[in-house]
Amino acid sequence: MSESDPFALVEKAVAGLPHPEHDPVFGRALGQFVQHVGAREILELGTGHGGSACWLAAGLRLGGGGTLTTIDRDTAPSITRLLDTAGIADLTRIVRTPRSYTWELMHLIQANTSDGRCNPQFDFCYIDGAHNWDTDGFAFFLVEKLLKPGGWIVFDDLDWTYATCLHLSPVDADVAGLMTPEERSTPQVGGVFELLVRQHPGFDVVRQFPVHGWARKAGLRDSAEETTRLIDDLEAAYALYGSHA
Ligand SMILES: C[S@@+](CC[C@H](N)C(=O)[O-])C[C@H]1O[C@@H](n2cnc3c(N)ncnc32)[C@H](O)[C@@H]1O
């Protein structure tokens, strides 16, 4: 890969980011997928240190451009230098929120509403944020309103639990402190995917892997076969080379 290749630039830029918060193998898979489906408007819930944002935006660059809107709390680390180094600052809109992206999703729905209807804005949404039922279950229904027909939603960490997480932020530790032992030991994103996404009548392709869930909003007339095969290939490559803990 040459240095002018957006993925090569990202690979170099994200090399020092904390693992497993950022996984470059899966990040690249996301970027390749975004490029393949020709996404123009991407939403990310949970920016963290900015690793996945870099790959998603590089996918946009390779697909012809667009905008990544990435949301995190005010307390999240600054990612501006990383975006500059990765060469994708011009494609990225950073949104910060005092408490939760669910509130910012309300703003996005408001901004996209005319004549009492929400006009969908996004082609692709990556959810890698709160990892709990209340926040991400609700976020799913809000994102569904903002997702175009044929748009994709991807969940990370279907297996994640509060009980096994070694480094909770103070705010997440407070949330966990109010939970029952059952809640803390339940993979809550897995529950969101299994009980809300899979059962939602508005999604026509649903692919579930050990730690990732992919779903396509219905409404395109095409066969989803080729795209579904791509997801399988990307996940297979991820399983081969990835090292998700
Ligand atoms: C696992 S990190 C994101 C990692 C990043 N997507 C990557 O792969 O490089 C999760 C992020 O979600 C943020 N987060 C958790 N709950 C949130 C909420 N309710 N609203 C906004 N951000 C939230 C945290 O602050 C944290 O930075």
# chains A, B, ... in the order shown; residues from 1 in each chain; ligands from 1
call {"tool": "residues_around", "arguments": {"residues": "stretch 143-157 of chain A", "least_positions_apart": "4", "cutoff": "8 Å", "atoms": "only C-alpha atoms", "output": "number ranges by chain"}}
result
A: 105, 108-109, 118-128, 131, 139, 189-190, 193, 211-220
call {"tool": "residues_near_ligand", "arguments": {"ligand": "ligand 1", "cutoff": "9 Å", "atoms": "only C-alpha atoms and all ligand atoms", "output": "PDB file with C-alpha atoms, in the first residue's frame"}}
result
ATOM      1  CA  VAL A  14      -3.887   4.621  14.759  1.00  0.00           C
ATOM      2  CA  LEU A  17      -4.166   3.672  20.114  1.00  0.00           C
ATOM      3  CA  PRO A  18      -5.246   1.577  23.104  1.00  0.00           C
ATOM      4  CA  HIS A  19      -6.271  -1.977  22.355  1.00  0.00           C
ATOM      5  CA  PRO A  20      -8.853  -3.561  22.637  1.00  0.00           C
ATOM      6  CA  GLU A  21     -10.832  -0.268  22.587  1.00  0.00           C
ATOM      7  CA  HIS A  22      -9.633   0.117  19.039  1.00  0.00           C
ATOM      8  CA  ASP A  23      -9.204  -2.883  16.771  1.00  0.00           C
ATOM      9  CA  PRO A  24      -7.488  -1.955  13.488  1.00  0.00           C
ATOM     10  CA  PHE A  26     -12.186  -4.660  12.320  1.00  0.00           C
ATOM     11  CA  GLY A  27     -11.751  -0.919  11.727  1.00  0.00           C
ATOM     12  CA  GLU A  44     -20.809   6.855  14.809  1.00  0.00           C
ATOM     13  CA  LEU A  45     -22.017   6.558  18.417  1.00  0.00           C
ATOM     14  CA  GLY A  46     -18.952   6.298  20.647  1.00  0.00           C
ATOM     15  CA  THR A  47     -15.854   8.029  19.264  1.00  0.00           C
ATOM     16  CA  GLY A  48     -13.442   6.969  22.003  1.00  0.00           C
ATOM     17  CA  HIS A  49      -9.862   7.749  20.927  1.00  0.00           C
ATOM     18  CA  GLY A  50     -11.009   8.089  17.308  1.00  0.00           C
ATOM     19  CA  GLY A  51      -9.683   4.862  15.803  1.00  0.00           C
ATOM     20  CA  SER A  52     -12.844   3.566  14.160  1.00  0.00           C
ATOM     21  CA  ALA A  53     -13.687   7.128  13.065  1.00  0.00           C
ATOM     22  CA  CYS A  54     -10.446   7.194  11.044  1.00  0.00           C
ATOM     23  CA  THR A  70     -19.090  10.975  15.408  1.00  0.00           C
ATOM     24  CA  ILE A  71     -20.564  11.531  18.880  1.00  0.00           C
ATOM     25  CA  ASP A  72     -19.079  11.096  22.344  1.00  0.00           C
ATOM     26  CA  ARG A  73     -19.218  12.741  25.748  1.00  0.00           C
ATOM     27  CA  ASP A  74     -17.548  16.074  26.545  1.00  0.00           C
ATOM     28  CA  THR A  75     -15.055  14.119  28.618  1.00  0.00           C
ATOM     29  CA  ALA A  76     -13.783  12.002  25.697  1.00  0.00           C
ATOM     30  CA  PRO A  77     -10.188  12.568  24.548  1.00  0.00           C
ATOM     31  CA  ARG A  96     -19.677  16.263  21.967  1.00  0.00           C
ATOM     32  CA  THR A  97     -22.494  15.900  24.478  1.00  0.00           C
ATOM     33  CA  PRO A  98     -22.661  16.563  28.232  1.00  0.00           C
ATOM     34  CA  ARG A  99     -24.457  13.290  29.005  1.00  0.00           C
ATOM     35  CA  SER A 100     -25.553  10.975  26.187  1.00  0.00           C
ATOM     36  CA  TYR A 101     -25.753  10.604  22.428  1.00  0.00           C
ATOM     37  CA  THR A 102     -29.429   9.754  22.803  1.00  0.00           C
ATOM     38  CA  TRP A 103     -29.997  13.487  23.427  1.00  0.00           C
ATOM     39  CA  GLU A 104     -27.980  14.449  20.340  1.00  0.00           C
ATOM     40  CA  TYR A 126     -21.727   2.243  13.838  1.00  0.00           C
ATOM     41  CA  ILE A 127     -22.719   1.821  17.497  1.00  0.00           C
ATOM     42  CA  ASP A 128     -19.807   1.330  19.894  1.00  0.00           C
ATOM     43  CA  GLY A 129     -20.700   3.465  22.888  1.00  0.00           C
ATOM     44  CA  ALA A 130     -22.640   2.865  26.086  1.00  0.00           C
ATOM     45  CA  HIS A 131     -23.055  -0.906  25.720  1.00  0.00           C
ATOM     46  CA  ASN A 132     -26.182  -0.967  27.848  1.00  0.00           C
ATOM     47  CA  THR A 135     -29.035   3.661  26.114  1.00  0.00           C
ATOM     48  CA  ASP A 136     -28.356   1.496  23.086  1.00  0.00           C
ATOM     49  CA  ASP A 156     -19.789  -3.796  18.231  1.00  0.00           C
ATOM     50  CA  ASP A 157     -19.296  -5.817  21.407  1.00  0.00           C
ATOM     51  CA  SER A 169     -15.071   5.235  33.355  1.00  0.00           C
ATOM     52  CA  VAL A 171     -19.764   7.634  34.920  1.00  0.00           C
ATOM     53  CA  ASP A 172     -20.091   4.034  33.695  1.00  0.00           C
TER      54      ASP A 172
END
call {"tool": "residues_around", "arguments": {"residues": "A:Thr186", "least_positions_apart": "6", "cutoff": "12 Å", "atoms": "only C-alpha atoms", "output": "MDAnalysis selection string"}}
result
chainID A and resid 131:133 158:165 176 179:180 192
call {"tool": "write_last_selection", "arguments": {"atoms": "N, CA and C atoms", "output": "PDB file, in the first residue's frame"}}
result
ATOM      1  N   HIS A 131     -22.998   0.542  25.502  1.00  0.00           N
ATOM      2  CA  HIS A 131     -23.055  -0.906  25.720  1.00  0.00           C
ATOM      3  C   HIS A 131     -24.108  -1.320  26.739  1.00  0.00           C
ATOM      4  N   ASN A 132     -25.119  -0.480  26.958  1.00  0.00           N
ATOM      5  CA  ASN A 132     -26.182  -0.967  27.848  1.00  0.00           C
ATOM      6  C   ASN A 132     -27.558  -0.903  27.196  1.00  0.00           C
ATOM      7  N   TRP A 133     -28.445  -1.689  27.770  1.00  0.00           N
ATOM      8  CA  TRP A 133     -29.792  -1.884  27.223  1.00  0.00           C
ATOM      9  C   TRP A 133     -30.545  -0.566  27.102  1.00  0.00           C
ATOM     10  N   LEU A 158     -21.130  -7.377  21.027  1.00  0.00           N
ATOM     11  CA  LEU A 158     -22.357  -8.083  21.416  1.00  0.00           C
ATOM     12  C   LEU A 158     -22.143  -8.883  22.701  1.00  0.00           C
ATOM     13  N   ASP A 159     -20.884  -9.197  22.994  1.00  0.00           N
ATOM     14  CA  ASP A 159     -20.587 -10.058  24.149  1.00  0.00           C
ATOM     15  C   ASP A 159     -20.174  -9.273  25.404  1.00  0.00           C
ATOM     16  N   TRP A 160     -20.141  -7.963  25.305  1.00  0.00           N
ATOM     17  CA  TRP A 160     -19.579  -7.128  26.386  1.00  0.00           C
ATOM     18  C   TRP A 160     -20.479  -7.145  27.626  1.00  0.00           C
ATOM     19  N   THR A 161     -19.854  -7.234  28.815  1.00  0.00           N
ATOM     20  CA  THR A 161     -20.635  -7.114  30.058  1.00  0.00           C
ATOM     21  C   THR A 161     -19.930  -6.153  31.023  1.00  0.00           C
ATOM     22  N   TYR A 162     -20.731  -5.536  31.881  1.00  0.00           N
ATOM     23  CA  TYR A 162     -20.162  -4.687  32.933  1.00  0.00           C
ATOM     24  C   TYR A 162     -19.307  -5.533  33.881  1.00  0.00           C
ATOM     25  N   ALA A 163     -19.759  -6.769  34.128  1.00  0.00           N
ATOM     26  CA  ALA A 163     -19.076  -7.605  35.119  1.00  0.00           C
ATOM     27  C   ALA A 163     -17.652  -7.942  34.698  1.00  0.00           C
ATOM     28  N   THR A 164     -17.431  -8.060  33.383  1.00  0.00           N
ATOM     29  CA  THR A 164     -16.096  -8.483  32.932  1.00  0.00           C
ATOM     30  C   THR A 164     -15.248  -7.320  32.422  1.00  0.00           C
ATOM     31  N   CYS A 165     -15.814  -6.110  32.403  1.00  0.00           N
ATOM     32  CA  CYS A 165     -15.031  -4.971  31.916  1.00  0.00           C
ATOM     33  C   CYS A 165     -14.038  -4.536  32.997  1.00  0.00           C
ATOM     34  N   ALA A 176     -23.178   1.233  36.550  1.00  0.00           N
ATOM     35  CA  ALA A 176     -23.067  -0.185  36.925  1.00  0.00           C
ATOM     36  C   ALA A 176     -23.446  -0.390  38.387  1.00  0.00           C
ATOM     37  N   MET A 179     -26.974  -1.198  38.935  1.00  0.00           N
ATOM     38  CA  MET A 179     -27.505  -2.407  38.278  1.00  0.00           C
ATOM     39  C   MET A 179     -27.537  -3.596  39.231  1.00  0.00           C
ATOM     40  N   THR A 180     -28.420  -4.530  38.910  1.00  0.00           N
ATOM     41  CA  THR A 180     -28.452  -5.798  39.641  1.00  0.00           C
ATOM     42  C   THR A 180     -27.300  -6.673  39.134  1.00  0.00           C
ATOM     43  N   VAL A 192     -29.866  -6.240  22.906  1.00  0.00           N
ATOM     44  CA  VAL A 192     -30.429  -5.241  21.984  1.00  0.00           C
ATOM     45  C   VAL A 192     -30.504  -5.838  20.579  1.00  0.00           C
TER      46      VAL A 192
END
call {"tool": "select_by_dssp", "arguments": {"residues": "stretch 28-214 of chain A", "states": "strand (DSSP E or B)", "output": "PyMOL selection string"}}
result
chain A and resi 41-45+67-73+92-97+113-114+117-118+122-127+147-155+203-208+213-214
call {"tool": "write_last_selection", "arguments": {"atoms": "C-alpha atoms", "output": "mmCIF file, in the first residue's frame"}}
result
data_model
loop_
_atom_site.group_PDB
_atom_site.id
_atom_site.type_symbol
_atom_site.label_atom_id
_atom_site.label_comp_id
_atom_site.auth_asym_id
_atom_site.auth_seq_id
_atom_site.Cartn_x
_atom_site.Cartn_y
_atom_site.Cartn_z
ATOM 1 C CA GLU A 41 -23.348 10.036 5.414
ATOM 2 C CA ILE A 42 -22.100 8.019 8.374
ATOM 3 C CA LEU A 43 -23.013 8.225 12.047
ATOM 4 C CA GLU A 44 -20.809 6.855 14.809
ATOM 5 C CA LEU A 45 -22.017 6.558 18.417
ATOM 6 C CA THR A 67 -19.340 13.186 6.115
ATOM 7 C CA LEU A 68 -18.789 11.157 9.252
ATOM 8 C CA THR A 69 -20.647 12.495 12.294
ATOM 9 C CA THR A 70 -19.090 10.975 15.408
ATOM 10 C CA ILE A 71 -20.564 11.531 18.880
ATOM 11 C CA ASP A 72 -19.079 11.096 22.344
ATOM 12 C CA ARG A 73 -19.218 12.741 25.748
ATOM 13 C CA THR A 92 -15.319 14.337 10.021
ATOM 14 C CA ARG A 93 -17.780 16.248 12.193
ATOM 15 C CA ILE A 94 -17.077 15.792 15.902
ATOM 16 C CA VAL A 95 -20.094 16.165 18.199
ATOM 17 C CA ARG A 96 -19.677 16.263 21.967
ATOM 18 C CA THR A 97 -22.494 15.900 24.478
ATOM 19 C CA THR A 113 -38.017 16.743 10.515
ATOM 20 C CA SER A 114 -40.279 18.567 8.101
ATOM 21 C CA ARG A 117 -41.821 13.417 9.235
ATOM 22 C CA CYS A 118 -38.185 12.605 9.859
ATOM 23 C CA PHE A 122 -27.529 8.389 7.193
ATOM 24 C CA ASP A 123 -26.368 5.491 5.009
ATOM 25 C CA PHE A 124 -24.444 3.750 7.763
ATOM 26 C CA CYS A 125 -24.317 3.833 11.561
ATOM 27 C CA TYR A 126 -21.727 2.243 13.838
ATOM 28 C CA ILE A 127 -22.719 1.821 17.497
ATOM 29 C CA LEU A 147 -31.305 5.611 8.581
ATOM 30 C CA LYS A 148 -32.080 5.653 4.868
ATOM 31 C CA PRO A 149 -33.796 2.639 3.271
ATOM 32 C CA GLY A 150 -30.988 0.229 2.462
ATOM 33 C CA GLY A 151 -28.790 1.823 5.144
ATOM 34 C CA TRP A 152 -26.758 -0.317 7.525
ATOM 35 C CA ILE A 153 -26.386 -0.383 11.288
ATOM 36 C CA VAL A 154 -23.485 -2.223 12.926
ATOM 37 C CA PHE A 155 -23.123 -3.008 16.627
ATOM 38 C CA PHE A 203 -34.768 -4.703 8.707
ATOM 39 C CA ASP A 204 -34.375 -7.204 5.880
ATOM 40 C CA VAL A 205 -30.803 -8.469 6.345
ATOM 41 C CA VAL A 206 -29.482 -9.434 9.764
ATOM 42 C CA ARG A 207 -26.052 -11.020 10.241
ATOM 43 C CA GLN A 208 -24.772 -11.936 13.682
ATOM 44 C CA GLY A 213 -24.159 -7.485 14.581
ATOM 45 C CA TRP A 214 -24.971 -6.138 11.121
#
call {"tool": "closest_residue", "arguments": {"among": "A:Pro210, A:Ala86, A:Gln110, A:Pro6", "to": "A:Gly65", "atoms": "only C-alpha atoms"}}
result
A:Pro6
call {"tool": "select_by_dssp", "arguments": {"residues": "stretch 14-230 of chain A", "states": "helix (DSSP H, G or I)", "output": "number ranges by chain"}}
result
A: 24-37, 51-63, 80-86, 89-91, 101-111, 133-146, 170-177, 181-185, 188-197, 225-230
